[in-house]
$ cat entry_9.cif   # mmCIF, C-alpha atoms; chains and numbers go by the auth columns
data_model
#
loop_
_atom_site.group_PDB
_atom_site.id
_atom_site.type_symbol
_atom_site.label_atom_id
_atom_site.label_comp_id
_atom_site.label_asym_id
_atom_site.label_seq_id
_atom_site.Cartn_x
_atom_site.Cartn_y
_atom_site.Cartn_z
_atom_site.B_iso_or_equiv
_atom_site.auth_seq_id
_atom_site.auth_asym_id
ATOM 1 C CA HIS A 1 165.499 109.463 121.047 0.00 1 A
ATOM 2 C CA ALA A 2 165.342 111.873 123.939 0.00 2 A
ATOM 3 C CA CYS A 3 162.377 110.579 125.884 0.00 3 A
ATOM 4 C CA SER A 4 162.230 111.042 129.614 0.00 4 A
ATOM 5 C CA THR A 5 160.377 108.604 131.846 0.00 5 A
ATOM 6 C CA THR A 6 157.924 111.397 132.657 0.00 6 A
ATOM 7 C CA SER A 7 156.397 110.973 129.188 0.00 7 A
ATOM 8 C CA VAL A 8 155.930 107.249 129.819 0.00 8 A
ATOM 9 C CA PRO A 9 152.569 106.155 131.239 0.00 9 A
ATOM 10 C CA VAL A 10 152.617 105.825 135.037 0.00 10 A
ATOM 11 C CA HIS A 11 152.198 102.034 134.891 0.00 11 A
ATOM 12 C CA ARG A 12 155.397 101.854 132.786 0.00 12 A
ATOM 13 C CA GLN A 13 157.555 104.109 134.975 0.00 13 A
ATOM 14 C CA LYS A 14 160.051 101.498 136.054 0.00 14 A
ATOM 15 C CA ALA A 15 163.713 101.118 135.300 0.00 15 A
ATOM 16 C CA LEU A 16 163.597 101.098 131.514 0.00 16 A
ATOM 17 C CA LEU A 17 166.628 99.546 129.874 0.00 17 A
ATOM 18 C CA SER A 18 166.080 101.582 126.708 0.00 18 A
ATOM 19 C CA GLU A 19 166.083 104.810 128.725 0.00 19 A
ATOM 20 C CA SER A 20 169.280 104.050 130.655 0.00 20 A
ATOM 21 C CA GLU A 21 172.429 106.070 130.056 0.00 21 A
ATOM 22 C CA LYS A 22 174.440 102.929 129.232 0.00 22 A
ATOM 23 C CA PHE A 23 171.894 101.825 126.634 0.00 23 A
ATOM 24 C CA ARG A 24 171.809 105.262 125.000 0.00 24 A
ATOM 25 C CA THR A 25 175.605 105.436 124.987 0.00 25 A
ATOM 26 C CA ALA A 26 175.816 101.994 123.359 0.00 26 A
ATOM 27 C CA VAL A 27 173.291 103.000 120.684 0.00 27 A
ATOM 28 C CA SER A 28 175.095 106.297 120.015 0.00 28 A
ATOM 29 C CA GLY A 29 178.395 104.427 119.754 0.00 29 A
ATOM 30 C CA ALA A 30 176.869 101.910 117.339 0.00 30 A
ATOM 31 C CA ILE A 31 175.504 104.711 115.158 0.00 31 A
ATOM 32 C CA ILE A 32 178.927 106.375 115.037 0.00 32 A
ATOM 33 C CA LEU A 33 180.662 103.071 114.227 0.00 33 A
ATOM 34 C CA ASN A 34 178.027 102.269 111.593 0.00 34 A
ATOM 35 C CA THR A 35 178.610 105.685 110.008 0.00 35 A
ATOM 36 C CA ILE A 36 182.344 104.984 109.850 0.00 36 A
ATOM 37 C CA LEU A 37 181.626 101.542 108.368 0.00 37 A
ATOM 38 C CA VAL A 38 179.348 102.976 105.651 0.00 38 A
ATOM 39 C CA ALA A 39 181.959 105.613 104.730 0.00 39 A
ATOM 40 C CA THR A 40 184.753 103.026 104.695 0.00 40 A
ATOM 41 C CA GLU A 41 182.703 100.601 102.633 0.00 41 A
ATOM 42 C CA ALA A 42 181.895 103.352 100.118 0.00 42 A
ATOM 43 C CA SER A 43 185.558 104.275 99.776 0.00 43 A
ATOM 44 C CA LEU A 44 186.595 100.622 99.294 0.00 44 A
ATOM 45 C CA ILE A 45 183.671 99.551 97.100 0.00 45 A
ATOM 46 C CA GLN A 46 185.978 98.562 94.251 0.00 46 A
ATOM 47 C CA HIS A 47 187.933 96.162 96.514 0.00 47 A
ATOM 48 C CA THR A 48 185.905 92.942 96.299 0.00 48 A
ATOM 49 C CA GLU A 49 188.172 91.188 98.803 0.00 49 A
ATOM 50 C CA TYR A 50 186.474 93.172 101.607 0.00 50 A
ATOM 51 C CA LYS A 51 182.873 92.351 100.628 0.00 51 A
ATOM 52 C CA GLY A 52 182.629 89.403 103.029 0.00 52 A
ATOM 53 C CA THR A 53 183.961 91.440 105.932 0.00 53 A
ATOM 54 C CA PHE A 54 181.541 94.292 105.257 0.00 54 A
ATOM 55 C CA ARG A 55 178.672 91.830 104.957 0.00 55 A
ATOM 56 C CA VAL A 56 179.455 90.299 108.360 0.00 56 A
ATOM 57 C CA LEU A 57 179.806 93.714 109.988 0.00 57 A
ATOM 58 C CA ASP A 58 176.520 94.813 108.418 0.00 58 A
ATOM 59 C CA MET A 59 174.830 91.702 109.830 0.00 59 A
ATOM 60 C CA ILE A 60 176.212 92.527 113.287 0.00 60 A
ATOM 61 C CA PHE A 61 174.826 96.075 113.091 0.00 61 A
ATOM 62 C CA THR A 62 171.488 94.753 111.846 0.00 62 A
ATOM 63 C CA LEU A 63 171.324 92.391 114.823 0.00 63 A
ATOM 64 C CA PHE A 64 172.247 95.198 117.216 0.00 64 A
ATOM 65 C CA TYR A 65 169.622 97.580 115.808 0.00 65 A
ATOM 66 C CA SER A 66 167.013 94.798 115.894 0.00 66 A
ATOM 67 C CA MET A 67 167.768 94.173 119.565 0.00 67 A
ATOM 68 C CA GLU A 68 167.625 97.913 120.278 0.00 68 A
ATOM 69 C CA LEU A 69 164.202 98.132 118.617 0.00 69 A
ATOM 70 C CA PHE A 70 162.986 95.077 120.531 0.00 70 A
ATOM 71 C CA PHE A 71 164.041 96.549 123.905 0.00 71 A
ATOM 72 C CA ARG A 72 162.504 99.933 123.132 0.00 72 A
ATOM 73 C CA ILE A 73 159.186 98.334 122.146 0.00 73 A
ATOM 74 C CA ARG A 74 159.306 95.993 125.143 0.00 74 A
ATOM 75 C CA ASP A 75 159.948 98.879 127.528 0.00 75 A
ATOM 76 C CA HIS A 76 157.229 101.159 126.158 0.00 76 A
ATOM 77 C CA GLY A 77 154.664 98.689 124.867 0.00 77 A
ATOM 78 C CA LEU A 78 153.743 98.256 121.214 0.00 78 A
ATOM 79 C CA ARG A 79 150.727 100.588 121.218 0.00 79 A
ATOM 80 C CA TYR A 80 152.447 103.375 123.161 0.00 80 A
ATOM 81 C CA PHE A 81 155.678 103.077 121.127 0.00 81 A
ATOM 82 C CA PHE A 82 153.941 103.460 117.752 0.00 82 A
ATOM 83 C CA LEU A 83 150.794 105.437 118.566 0.00 83 A
ATOM 84 C CA GLN A 84 151.327 107.624 121.635 0.00 84 A
ATOM 85 C CA HIS A 85 155.070 108.171 122.118 0.00 85 A
ATOM 86 C CA GLU A 86 156.260 111.717 121.437 0.00 86 A
ATOM 87 C CA ASP A 87 158.664 110.222 118.853 0.00 87 A
ATOM 88 C CA LYS A 88 156.055 107.888 117.302 0.00 88 A
ATOM 89 C CA HIS A 89 156.831 108.964 113.730 0.00 89 A
ATOM 90 C CA TRP A 90 160.545 108.586 114.289 0.00 90 A
ATOM 91 C CA ASN A 91 159.920 105.190 115.920 0.00 91 A
ATOM 92 C CA ALA A 92 157.931 104.042 112.876 0.00 92 A
ATOM 93 C CA PHE A 93 160.704 105.220 110.520 0.00 93 A
ATOM 94 C CA ASP A 94 163.300 103.447 112.651 0.00 94 A
ATOM 95 C CA ALA A 95 161.250 100.230 112.684 0.00 95 A
ATOM 96 C CA VAL A 96 160.756 100.274 108.899 0.00 96 A
ATOM 97 C CA ILE A 97 164.479 100.799 108.246 0.00 97 A
ATOM 98 C CA THR A 98 165.461 98.098 110.752 0.00 98 A
ATOM 99 C CA MET A 99 162.974 95.580 109.360 0.00 99 A
ATOM 100 C CA ALA A 100 164.099 96.345 105.783 0.00 100 A
ATOM 101 C CA CYS A 101 167.691 95.616 106.838 0.00 101 A
ATOM 102 C CA VAL A 102 166.578 92.368 108.503 0.00 102 A
ATOM 103 C CA ALA A 103 164.677 91.364 105.344 0.00 103 A
ATOM 104 C CA ASP A 104 167.680 92.193 103.155 0.00 104 A
ATOM 105 C CA THR A 105 169.961 90.135 105.407 0.00 105 A
ATOM 106 C CA PHE A 106 167.502 87.220 105.420 0.00 106 A
ATOM 107 C CA VAL A 107 166.980 87.212 101.645 0.00 107 A
ATOM 108 C CA SER A 108 170.689 87.536 100.909 0.00 108 A
ATOM 109 C CA SER A 109 171.399 84.534 103.155 0.00 109 A
ATOM 110 C CA PHE A 110 169.427 82.334 100.760 0.00 110 A
ATOM 111 C CA CYS A 111 170.080 84.222 97.556 0.00 111 A
ATOM 112 C CA PRO A 112 173.467 86.013 97.645 0.00 112 A
ATOM 113 C CA GLU A 113 172.977 87.399 94.121 0.00 113 A
ATOM 114 C CA CYS A 114 169.675 88.953 95.303 0.00 114 A
ATOM 115 C CA ARG A 115 171.476 91.056 97.911 0.00 115 A
ATOM 116 C CA SER A 116 170.819 94.750 97.567 0.00 116 A
ATOM 117 C CA SER A 117 173.785 97.044 97.418 0.00 117 A
ATOM 118 C CA GLY A 118 172.867 97.963 100.972 0.00 118 A
ATOM 119 C CA THR A 119 173.915 101.533 100.350 0.00 119 A
ATOM 120 C CA ALA A 120 170.448 103.053 100.586 0.00 120 A
ATOM 121 C CA LEU A 121 169.506 101.015 103.662 0.00 121 A
ATOM 122 C CA SER A 122 172.828 101.710 105.371 0.00 122 A
ATOM 123 C CA THR A 123 172.557 105.415 104.629 0.00 123 A
ATOM 124 C CA ALA A 124 168.998 105.508 105.958 0.00 124 A
ATOM 125 C CA ARG A 125 170.112 103.647 109.069 0.00 125 A
ATOM 126 C CA VAL A 126 172.850 106.236 109.659 0.00 126 A
ATOM 127 C CA LEU A 127 170.236 109.014 109.375 0.00 127 A
ATOM 128 C CA ARG A 128 168.378 107.649 112.376 0.00 128 A
#
$ encode --input "entry_9.cif" --output "structure tokens"
Amino acid sequence: HACSTTSVPVHRQKALLSESEKFRTAVSGAIILNTILVATEASLIQHTEYKGTFRVLDMIFTLFYSMELFFRIRDHGLRYFFLQHEDKHWNAFDAVITMACVADTFVSSFCPECRSSGTALSTARVLR
């Protein structure tokens, strides 16, 4: 998400949390860790004793990505983020994947047997 503050409308050119180096580093680190988690989960899929641990870690990543999306939308404004931003298509893809993960987490909290395998959503999240 390489967006400089020069592409942000003048009225929004303030210290944007989502554009800070620390924020970007944290997001990059989370993506790398999530990639490792997905690969580890795939290699240990037959070990049911780890399912609970992977589920909790997946919930943590879902929360993190939801917060990241919230801060990016808050910093840029809803209309600009989805309609005018140079990465508007990428932003929409990111939002759909994040919301699908939130929905999957929410549904599986009430209906554990309804939980998706998570593989497709996790893989899509890694592609971001």
$ residues_around --input "entry_9.cif" --residues "Met99 (chain A)" --least-positions-apart "2" --cutoff "12 Å" --atoms "all atoms listed in the file" --output "ChimeraX atom specification"
/A:62-63,65-67,69-70,92-97,101-106,121,125
$ write_last_selection --input "entry_9.cif" --atoms "C-alpha atoms" --output "mmCIF file, keeping the file's coordinate frame"
data_model
loop_
_atom_site.group_PDB
_atom_site.id
_atom_site.type_symbol
_atom_site.label_atom_id
_atom_site.label_comp_id
_atom_site.auth_asym_id
_atom_site.auth_seq_id
_atom_site.Cartn_x
_atom_site.Cartn_y
_atom_site.Cartn_z
ATOM 1 C CA THR A 62 171.488 94.753 111.846
ATOM 2 C CA LEU A 63 171.324 92.391 114.823
ATOM 3 C CA TYR A 65 169.622 97.580 115.808
ATOM 4 C CA SER A 66 167.013 94.798 115.894
ATOM 5 C CA MET A 67 167.768 94.173 119.565
ATOM 6 C CA LEU A 69 164.202 98.132 118.617
ATOM 7 C CA PHE A 70 162.986 95.077 120.531
ATOM 8 C CA ALA A 92 157.931 104.042 112.876
ATOM 9 C CA PHE A 93 160.704 105.220 110.520
ATOM 10 C CA ASP A 94 163.300 103.447 112.651
ATOM 11 C CA ALA A 95 161.250 100.230 112.684
ATOM 12 C CA VAL A 96 160.756 100.274 108.899
ATOM 13 C CA ILE A 97 164.479 100.799 108.246
ATOM 14 C CA CYS A 101 167.691 95.616 106.838
ATOM 15 C CA VAL A 102 166.578 92.368 108.503
ATOM 16 C CA ALA A 103 164.677 91.364 105.344
ATOM 17 C CA ASP A 104 167.680 92.193 103.155
ATOM 18 C CA THR A 105 169.961 90.135 105.407
ATOM 19 C CA PHE A 106 167.502 87.220 105.420
ATOM 20 C CA LEU A 121 169.506 101.015 103.662
ATOM 21 C CA ARG A 125 170.112 103.647 109.069
#
$ residues_around --input "entry_9.cif" --residues "Leu57 (chain A)" --least-positions-apart "6" --cutoff "12 Å" --atoms "all atoms listed in the file" --output "compact mmCIF listing (two decimals) with C-alpha atoms, in the frame of the given file"
# COMPACT_ATOMS: atom_id res chain seq x y z
CA ALA A 30 176.87 101.91 117.34
CA LEU A 33 180.66 103.07 114.23
CA ASN A 34 178.03 102.27 111.59
CA ILE A 36 182.34 104.98 109.85
CA LEU A 37 181.63 101.54 108.37
CA VAL A 38 179.35 102.98 105.65
CA THR A 40 184.75 103.03 104.70
CA GLU A 41 182.70 100.60 102.63
CA TYR A 50 186.47 93.17 101.61
CA LYS A 51 182.87 92.35 100.63
CA LEU A 63 171.32 92.39 114.82
CA PHE A 64 172.25 95.20 117.22
CA THR A 105 169.96 90.14 105.41
CA SER A 122 172.83 101.71 105.37
$ residues_around --input "entry_9.cif" --residues "Glu68 (chain A)" --least-positions-apart "5" --cutoff "10 Å" --atoms "all atoms listed in the file" --output "list in words"
Leu17, Ser18, Phe23, Arg24, Ala26, Val27, Thr62, Leu63, Ile73, Arg74 and Thr98 of chain A
$ atom_distance --input "entry_9.cif" --atom1 "CA of Glu21 (chain A)" --atom2 "CA of Leu78 (chain A)"
22.1 Å
